[in-house]
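Text of the file coords_39.txt, holding compact mmCIF, C-alpha atoms and all ligand atoms:
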```txt
# COMPACT_ATOMS: atom_id res chain seq x y z
CA MET S 1 147.47 -14.54 69.76
CA ALA S 2 148.37 -12.32 66.84
CA SER S 3 148.39 -8.67 67.79
CA HIS S 4 146.82 -6.41 65.21
CA ALA S 5 148.31 -3.05 64.52
CA PRO S 6 145.58 -0.62 65.61
CA TRP S 7 145.27 0.90 62.13
CA THR S 8 144.31 -2.40 60.52
CA GLU S 9 141.50 -3.33 62.88
CA CYS S 10 138.61 -1.54 61.23
CA GLY S 11 139.18 -3.41 57.98
CA MET S 12 138.96 -0.21 55.94
CA ASP S 13 141.93 1.63 54.59
CA CYS S 14 140.82 5.18 55.20
CA GLU S 15 138.08 7.40 56.48
CA VAL S 16 137.15 10.86 55.31
CA GLN S 17 138.19 13.45 57.85
CA SER S 18 137.28 16.66 56.06
CA LYS S 19 136.87 17.89 52.51
CA HIS S 20 140.62 17.74 52.00
CA THR S 21 142.05 15.04 54.16
CA PHE S 22 141.67 11.40 54.86
CA ARG S 23 142.85 9.56 57.88
CA LYS S 24 144.42 6.44 56.49
CA THR S 25 143.94 3.46 58.71
CA ASP S 26 145.68 0.66 56.82
CA VAL S 27 149.29 1.78 57.00
CA LEU S 28 151.54 3.78 59.30
CA THR S 29 151.36 7.46 58.32
CA MET S 30 153.57 8.97 61.02
CA SER S 31 156.97 7.94 62.33
CA PRO S 32 157.59 7.75 66.09
CA TRP S 33 159.34 11.17 65.83
CA LEU S 34 156.29 12.62 64.04
CA ALA S 35 157.61 12.71 60.49
CA PRO S 36 154.80 12.17 57.98
CA ILE S 37 154.96 8.99 55.91
CA ILE S 38 153.65 9.89 52.48
CA TRP S 39 150.99 7.65 50.96
CA ASN S 40 148.26 8.21 48.43
CA GLY S 41 145.41 9.97 50.26
CA SER S 42 147.58 11.34 53.07
CA TYR S 43 147.99 14.84 51.56
CA ASP S 44 146.22 17.36 49.34
CA SER S 45 148.08 18.21 46.12
CA ALA S 46 146.18 21.45 45.46
CA ILE S 47 147.10 22.94 48.82
CA LEU S 48 150.73 21.82 48.60
CA ASN S 49 151.14 23.05 45.01
CA ALA S 50 149.86 26.49 45.96
CA GLN S 51 152.19 26.56 48.97
CA PHE S 52 155.28 25.57 46.98
CA ASN S 53 154.36 27.87 44.06
CA GLN S 54 154.25 30.78 46.48
CA ARG S 55 157.82 29.93 47.45
CA ASP S 56 158.75 29.62 43.74
CA VAL S 57 160.47 26.37 44.53
CA HIS S 58 163.09 24.95 42.17
CA VAL S 59 163.75 21.21 42.34
CA GLY S 60 166.92 19.45 41.17
CA ILE S 61 166.89 15.74 40.45
CA THR S 62 170.19 13.87 40.22
CA ILE S 63 170.70 10.74 38.16
CA PHE S 64 173.88 8.83 37.34
CA ALA S 65 174.32 7.29 33.93
CA ILE S 66 177.77 5.74 33.97
CA LYS S 67 178.84 3.40 31.20
CA LYS S 68 175.94 1.40 29.79
CA TYR S 69 173.42 2.98 32.15
CA THR S 70 173.16 5.89 29.70
CA PHE S 71 170.59 3.55 28.12
CA PHE S 72 168.06 4.39 30.85
CA VAL S 73 168.15 8.19 30.56
CA LYS S 74 165.72 8.72 27.68
CA ASN S 75 162.82 6.81 29.18
CA PHE S 76 163.54 8.16 32.65
CA ILE S 77 163.25 11.77 31.52
CA GLU S 78 160.37 11.17 29.12
CA THR S 79 158.29 9.64 31.89
CA ALA S 80 159.40 12.30 34.39
CA GLU S 81 158.16 15.01 32.04
CA ASN S 82 154.64 13.58 32.40
CA VAL S 83 154.36 13.29 36.17
CA PHE S 84 157.38 14.63 38.10
CA MET S 85 156.88 18.00 39.84
CA ILE S 86 154.40 19.20 37.24
CA GLY S 87 153.97 22.98 37.39
CA HIS S 88 157.27 23.53 39.23
CA LYS S 89 160.76 24.44 38.09
CA VAL S 90 162.89 21.35 37.57
CA THR S 91 166.51 20.73 36.62
CA TYR S 92 167.70 17.28 35.69
CA TYR S 93 171.33 16.81 36.67
CA VAL S 94 172.70 13.92 34.63
CA PHE S 95 176.08 12.72 35.88
CA THR S 96 177.82 10.74 33.19
CA ASP S 97 181.17 9.63 31.80
CA ARG S 98 179.65 9.46 28.30
CA ALA S 99 178.14 12.87 27.61
CA SER S 100 177.86 12.15 23.89
CA ASP S 101 175.52 9.22 24.62
CA ILE S 102 172.98 11.40 26.43
CA PRO S 103 170.16 12.24 24.03
CA VAL S 104 169.02 15.81 23.48
CA MET S 105 165.54 15.91 24.98
CA ASN S 106 162.55 18.16 24.47
CA LEU S 107 161.55 19.45 27.88
CA ASN S 108 158.44 21.31 28.96
CA GLU S 109 158.53 24.95 30.04
CA GLY S 110 160.41 25.68 33.26
CA ARG S 111 162.44 22.51 32.97
CA SER S 112 166.07 22.06 31.99
CA MET S 113 168.83 19.49 31.90
CA SER S 114 172.50 19.82 32.88
CA ILE S 115 175.05 17.23 31.96
CA LEU S 116 177.80 16.84 34.55
CA GLU S 117 180.88 14.99 33.36
CA VAL S 118 182.32 12.71 36.01
CA PRO S 119 184.75 9.79 36.14
CA SER S 120 183.72 6.19 35.97
CA TYR S 121 185.02 3.40 38.20
CA PRO S 122 185.84 -0.16 37.13
CA ARG S 123 183.89 -1.84 39.96
CA TRP S 124 180.12 -1.37 39.87
CA GLN S 125 180.09 -1.10 43.66
CA ASP S 126 182.31 1.97 43.34
CA VAL S 127 180.09 3.41 40.59
CA SER S 128 177.17 3.18 42.98
CA MET S 129 179.03 4.38 46.10
CA ARG S 130 180.86 7.30 44.50
CA ARG S 131 177.51 8.94 43.83
CA MET S 132 177.70 10.25 47.39
CA GLU S 133 181.00 12.03 46.81
CA MET S 134 179.87 13.52 43.50
CA ILE S 135 176.54 14.78 44.84
CA ARG S 136 178.41 16.29 47.77
CA ASP S 137 180.92 18.07 45.56
CA PHE S 138 178.32 19.47 43.18
CA SER S 139 176.08 20.53 46.08
CA HIS S 140 178.91 22.70 47.26
CA GLU S 141 179.88 23.96 43.80
CA ARG S 142 176.52 24.69 42.24
CA PHE S 143 173.35 23.01 43.48
CA PHE S 144 173.03 25.39 46.41
CA ARG S 145 172.99 28.32 43.98
CA GLU S 146 170.60 26.74 41.47
CA VAL S 147 167.93 24.75 43.33
CA ASP S 148 166.12 24.62 46.66
CA PHE S 149 165.71 20.85 46.97
CA LEU S 150 167.51 17.82 45.61
CA VAL S 151 165.93 14.50 44.76
CA CYS S 152 168.59 11.78 44.35
CA VAL S 153 167.44 8.64 42.57
CA ASP S 154 168.50 5.56 40.63
CA VAL S 155 168.34 5.89 36.85
CA ASP S 156 167.16 2.36 36.03
CA MET S 157 163.64 3.52 36.76
CA ARG S 158 160.55 4.99 35.11
CA PHE S 159 157.82 7.26 36.42
CA ASN S 160 154.38 5.69 36.28
CA ASP S 161 152.28 8.10 38.39
CA GLU S 162 152.52 11.53 40.01
CA VAL S 163 155.52 12.46 42.15
CA GLY S 164 155.10 16.03 43.34
CA VAL S 165 156.00 18.49 46.08
CA GLU S 166 154.43 16.24 48.70
CA ILE S 167 157.83 14.50 48.85
CA LEU S 168 159.79 17.67 49.61
CA SER S 169 161.14 18.35 53.07
CA ASN S 170 164.48 19.15 54.72
CA LEU S 171 165.53 15.52 54.73
CA PHE S 172 163.60 12.62 53.30
CA GLY S 173 164.15 8.91 52.75
CA THR S 174 162.06 6.18 51.16
CA LEU S 175 160.94 2.85 52.58
CA HIS S 176 162.64 0.03 50.68
CA PRO S 177 160.00 -2.01 48.80
CA GLY S 178 161.69 -5.30 49.67
CA MET S 179 161.85 -4.55 53.39
CA PHE S 180 158.29 -3.35 53.89
CA GLY S 181 156.64 -5.42 56.59
CA VAL S 182 159.94 -6.96 57.67
CA GLN S 183 160.80 -6.76 61.38
CA ARG S 184 163.77 -4.67 62.44
CA GLU S 185 165.96 -7.71 63.19
CA GLY S 186 165.50 -8.79 59.57
CA TYR S 187 166.64 -5.52 58.03
CA THR S 188 169.76 -5.95 55.91
CA TYR S 189 171.72 -3.26 57.76
CA GLU S 190 175.48 -3.63 58.03
CA ARG S 191 176.04 -5.87 61.06
CA ASN S 192 179.82 -5.74 61.31
CA PRO S 193 180.67 -3.60 64.38
CA GLU S 194 183.95 -2.60 62.70
CA SER S 195 182.08 -0.82 59.90
CA GLU S 196 181.03 2.85 60.01
CA ALA S 197 177.64 1.67 58.72
CA TYR S 198 177.11 -0.71 61.67
CA ILE S 199 173.66 -0.83 63.19
CA PRO S 200 173.10 -3.28 66.07
CA ALA S 201 170.13 -5.69 65.99
CA ASN S 202 168.16 -3.71 68.57
CA GLU S 203 168.41 -0.39 66.72
CA GLY S 204 166.98 1.03 63.53
CA ASP S 205 163.67 2.68 62.63
CA PHE S 206 163.05 1.72 59.01
CA TYR S 207 165.06 0.24 56.18
CA TYR S 208 165.54 3.00 53.62
CA ALA S 209 166.26 2.49 49.93
CA GLY S 210 169.50 3.73 48.40
CA GLY S 211 167.63 4.65 45.25
CA PHE S 212 165.51 7.58 46.49
CA PHE S 213 166.45 10.21 49.05
CA GLY S 214 166.80 13.96 49.19
CA GLY S 215 166.08 17.20 50.93
CA SER S 216 167.40 20.74 51.12
CA ILE S 217 170.85 21.26 49.61
CA GLU S 218 172.38 21.72 53.04
CA GLU S 219 170.90 18.50 54.36
CA VAL S 220 171.85 16.54 51.25
CA TYR S 221 175.37 17.94 51.55
CA ASN S 222 175.58 16.73 55.15
CA LEU S 223 174.17 13.32 54.26
CA THR S 224 176.41 12.69 51.26
CA ASN S 225 179.46 14.05 53.09
CA PHE S 226 178.85 11.69 56.00
CA CYS S 227 178.31 8.70 53.73
CA HIS S 228 181.35 9.38 51.59
CA ASN S 229 183.62 9.91 54.61
CA ALA S 230 182.30 6.77 56.28
CA MET S 231 182.93 4.77 53.10
CA MET S 232 186.50 6.10 52.93
CA LYS S 233 187.18 5.20 56.57
CA ASP S 234 185.90 1.68 55.92
CA LYS S 235 187.86 1.38 52.69
CA ALA S 236 191.07 2.20 54.59
CA LYS S 237 190.28 -0.81 56.80
CA ASN S 238 189.39 -2.95 53.80
CA ILE S 239 185.72 -2.96 54.73
CA GLU S 240 182.81 -2.43 52.37
CA ALA S 241 179.32 -2.42 53.82
CA LEU S 242 176.88 -5.12 52.71
CA TRP S 243 174.68 -2.92 50.52
CA HIS S 244 177.28 -0.29 49.67
CA ASP S 245 175.96 3.29 49.70
CA GLU S 246 172.56 2.08 50.93
CA SER S 247 174.09 0.76 54.16
CA TYR S 248 175.74 4.12 54.92
CA LEU S 249 172.53 5.96 54.04
CA ASN S 250 170.69 3.81 56.56
CA LYS S 251 173.25 4.64 59.23
CA TYR S 252 172.95 8.37 58.52
CA LEU S 253 169.16 8.31 58.64
CA LEU S 254 169.26 6.41 61.92
CA LEU S 255 171.45 9.14 63.44
CA HIS S 256 169.64 12.03 61.70
CA LYS S 257 165.91 11.38 61.59
CA PRO S 258 164.32 12.32 58.27
CA THR S 259 161.62 14.99 58.36
CA LYS S 260 159.50 13.09 55.83
CA ILE S 261 159.40 9.45 54.80
CA LEU S 262 158.15 8.27 51.43
CA SER S 263 156.12 5.08 51.25
CA PRO S 264 157.11 2.34 48.79
CA GLU S 265 154.67 3.94 46.32
CA TYR S 266 157.69 6.09 45.47
CA LEU S 267 160.05 3.22 44.77
CA TRP S 268 158.46 0.02 43.67
CA ASP S 269 159.57 -3.02 41.78
CA ASP S 270 156.86 -5.21 40.27
CA ASP S 271 159.03 -8.22 41.07
CA PHE S 272 157.59 -7.78 44.59
CA GLY S 273 154.05 -8.16 43.21
CA ILE S 274 151.31 -5.57 43.73
CA PRO S 275 150.08 -5.82 47.34
CA ASP S 276 146.70 -4.45 48.52
CA PHE S 277 148.16 -1.58 50.52
CA LEU S 278 149.81 -0.19 47.39
CA LYS S 279 147.29 2.12 45.75
CA ARG S 280 149.78 3.75 43.40
CA ARG S 281 153.05 2.68 41.85
CA ARG S 282 154.63 6.03 41.10
CA PHE S 283 158.26 5.19 40.32
CA LEU S 284 159.10 1.73 39.07
CA ALA S 285 162.25 -0.29 38.56
CA VAL S 286 162.90 -1.03 34.90
CA ARG S 287 163.51 -4.69 34.42
CA LYS S 288 167.10 -5.35 33.53
CA ASN S 289 169.17 -8.41 33.06
CA HIS S 290 171.63 -7.90 35.90
CA ASN S 291 174.34 -10.15 34.60
CA GLU S 292 174.11 -8.71 31.14
CA MET S 293 174.28 -5.11 32.40
CA ARG S 294 177.07 -5.98 34.78
CA ASN S 295 179.23 -7.51 32.12
CA ARG S 296 178.63 -4.93 29.44
CA ARG S 297 181.23 -2.23 29.09
C1 LIG S 301 176.34 -1.61 36.71
C2 LIG S 301 176.36 -2.96 37.00
C3 LIG S 301 175.93 -3.41 38.23
C4 LIG S 301 175.47 -2.49 39.17
C5 LIG S 301 175.46 -1.11 38.87
C6 LIG S 301 175.90 -0.67 37.64
C7 LIG S 301 175.84 0.74 37.30
C8 LIG S 301 175.12 1.62 38.11
C9 LIG S 301 176.46 1.28 36.13
O1 LIG S 301 177.15 0.62 35.34
N1 LIG S 301 176.29 2.60 35.82
C10 LIG S 301 175.55 3.42 36.62
O2 LIG S 301 175.37 4.59 36.29
N2 LIG S 301 175.00 2.93 37.79
C11 LIG S 301 174.28 3.87 38.67
O3 LIG S 301 174.18 3.34 39.97
C12 LIG S 301 172.87 4.07 38.15
O4 LIG S 301 172.46 5.38 38.43
C13 LIG S 301 172.09 3.06 38.95
O5 LIG S 301 170.70 3.35 39.01
C14 LIG S 301 172.80 3.16 40.30
C15 LIG S 301 172.63 1.96 41.23
O6 LIG S 301 172.88 0.75 40.51
P1 LIG S 301 171.67 -0.25 40.18
O7 LIG S 301 170.47 0.56 39.81
O8 LIG S 301 172.11 -1.24 39.17
O9 LIG S 301 171.43 -0.95 41.57
P2 LIG S 301 170.11 -1.80 41.98
O10 LIG S 301 170.29 -2.04 43.45
O11 LIG S 301 168.89 -0.98 41.69
O12 LIG S 301 170.13 -3.06 41.14
MN MN S 302 168.44 0.63 40.49
```
Mind turning the file's structure into structure tokens?
Amino acid sequence: MASHAPWTECGMDCEVQSKHTFRKTDVLTMSPWLAPIIWNGSYDSAILNAQFNQRDVHVGITIFAIKKYTFFVKNFIETAENVFMIGHKVTYYVFTDRASDIPVMNLNEGRSMSILEVPSYPRWQDVSMRRMEMIRDFSHERFFREVDFLVCVDVDMRFNDEVGVEILSNLFGTLHPGMFGVQREGYTYERNPESEAYIPANEGDFYYAGGFFGGSIEEVYNLTNFCHNAMMKDKAKNIEALWHDESYLNKYLLLHKPTKILSPEYLWDDDFGIPDFLKRRRFLAVRKNHNEMRNRR
């Protein structure tokens, strides 16, 4: 007999609890360690905006545009200007090896862009993995002086709906859109016990996406430092985890429970379709021809 999750039994997806809040009943809204899982209808933007305005919060968002991925920057920032942290101070940190390819953009008030020149690596796996080291180094050198929170995301993306302060917390991760609804044993964690990213079959809370995490500068420093060091230890043994930086991120977030978890509304790819539980698609993968992008220089 199929066992229903208790929150699906009423057949409705939410009930009004008070003027401001809804109790969602279709999806999990709290982790076993009591971290909120952020879905449409699980928070009140007006209350949170007032709260974060009072703290005069400044949010940094890091993107990497190495080699041909500079192509994605314009649309990323244009769409972010419409819906990302509206009414709050924002700095876009664009890490690139091709500063001259980054367009000059018109930004709204309270928003700025910093271009950070960094090296490129020949292997795309290293381009992706070295993000951890670079975020760590810049956290230490300047982020901690300039911003209160960091949001670290993929650049081959566009914003399609609001992403605001509801995501902010000391340490947050995002549920991977391709692993939603998959049982723990099916998660694509690193399964080699020799790897620093190893997670045994009977462990693991969620499968988090490499393309959207963040938190306070201190927490992001700790996370990126752990991941980079773990990758270096593995590299010395000629090991590279299955999903590169994402595998090490999953190991870190298993050992250090996030204080907020973002639902796949915050990282969706229409290649997975548009399921019923998904009321908003806030941040979407931009379709790209993988082989073409991979082989371009
Ligand atoms: C290029 C070819 C294959 C895979 C990655 C790259 C690549 C990634 C690159 O040439 N330049 C670059 O800046 N990146 C950064 O790594 C981008 O910020 C990108 O969003 C991130 C992760 O790579 P993705 O987005 O291609 O990975 P998936 O898992 O989203 O396909
Ligand atoms: Mn991507």
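The closest residue to Leu253 of chain S, picked from S:Gly186, S:Pro275, S:Pro200, S:Gly214 and counting all atoms listed in the file, is S:Gly214.
Considering all atoms listed in the file, every residue of the polymer chains approaching ligand LIG 301 (chain S) to 7 Å or closer is listed here: Ile63, Phe64, Ala65, Ile66, Lys67, Lys68, Tyr69, Trp124, Gln125, Val127, Ser128, Asp154, Val155, Asp156, Gly211, His290, Met293 and Arg294 of chain S.
Of the residues listed (S:His88, S:Lys288, S:Lys251, S:His244), S:Lys288 shows the shortest atom-to-atom separation from ligand MN 302 (chain S); distances use all atoms listed in the file.
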Subject >> Spatial neighbours of Glu146 of chain S, max dist 10 Å, all atoms listed in the file, sep filter under 2 positions, as number ranges by chain >> reply: S: 58-60, 91, 139, 141-144, 148-149, 217
**OP:** List the neighbours of Asn202 of chain S out to 12 Å using all atoms listed in the file; skip same-chain residues closer than 6 positions along the sequence, and give me the result as JSON, numbers by chain.
**Re:** {"S": [183, 184, 185, 186, 187, 189, 191]}
**OP:** In Å, rounded to a single decimal, give me how far atom CA of Phe213 of chain S is from atom CA of Trp243 of chain S.
**Re:** 15.6 Å
Which polymer residues have any atom within 7 Å of an atom of Val163 of chain S, counting all atoms listed in the file, with same-chain residues fewer than 3 positions away left out, as a tab-separated table (two decimals) with C-alpha atoms, in the coordinates of the input?
```tsv
chain	number	residue	atom	x	y	z
S	83	VAL	CA	154.36	13.29	36.17
S	84	PHE	CA	157.38	14.63	38.10
S	85	MET	CA	156.88	18.00	39.84
S	282	ARG	CA	154.63	6.03	41.10
```
**OP:** For Val182 of chain S, list every protein, DNA or RNA residue within 12 Å, evaluated using all atoms listed in the file, and leave out those in the same chain fewer than 6 positions away; present the list as number ranges by chain.
**Re:** S: 175-176, 188, 205-207
Original post:
At what distance in Å, to one decimal, does atom CA of Gln54 of chain S lie from atom CA of Ser42 of chain S?
Top reply: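 It comes out at 21.6 Å.
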**OP:** Could you check which of S:Arg158, S:His228, S:Lys89, S:Lys260 is closest to ligand MN 302 (chain S), using only C-alpha atoms and all ligand atoms?
**Re:**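 Result for the nearest residue to ligand MN 302 (chain S): S:Arg158.
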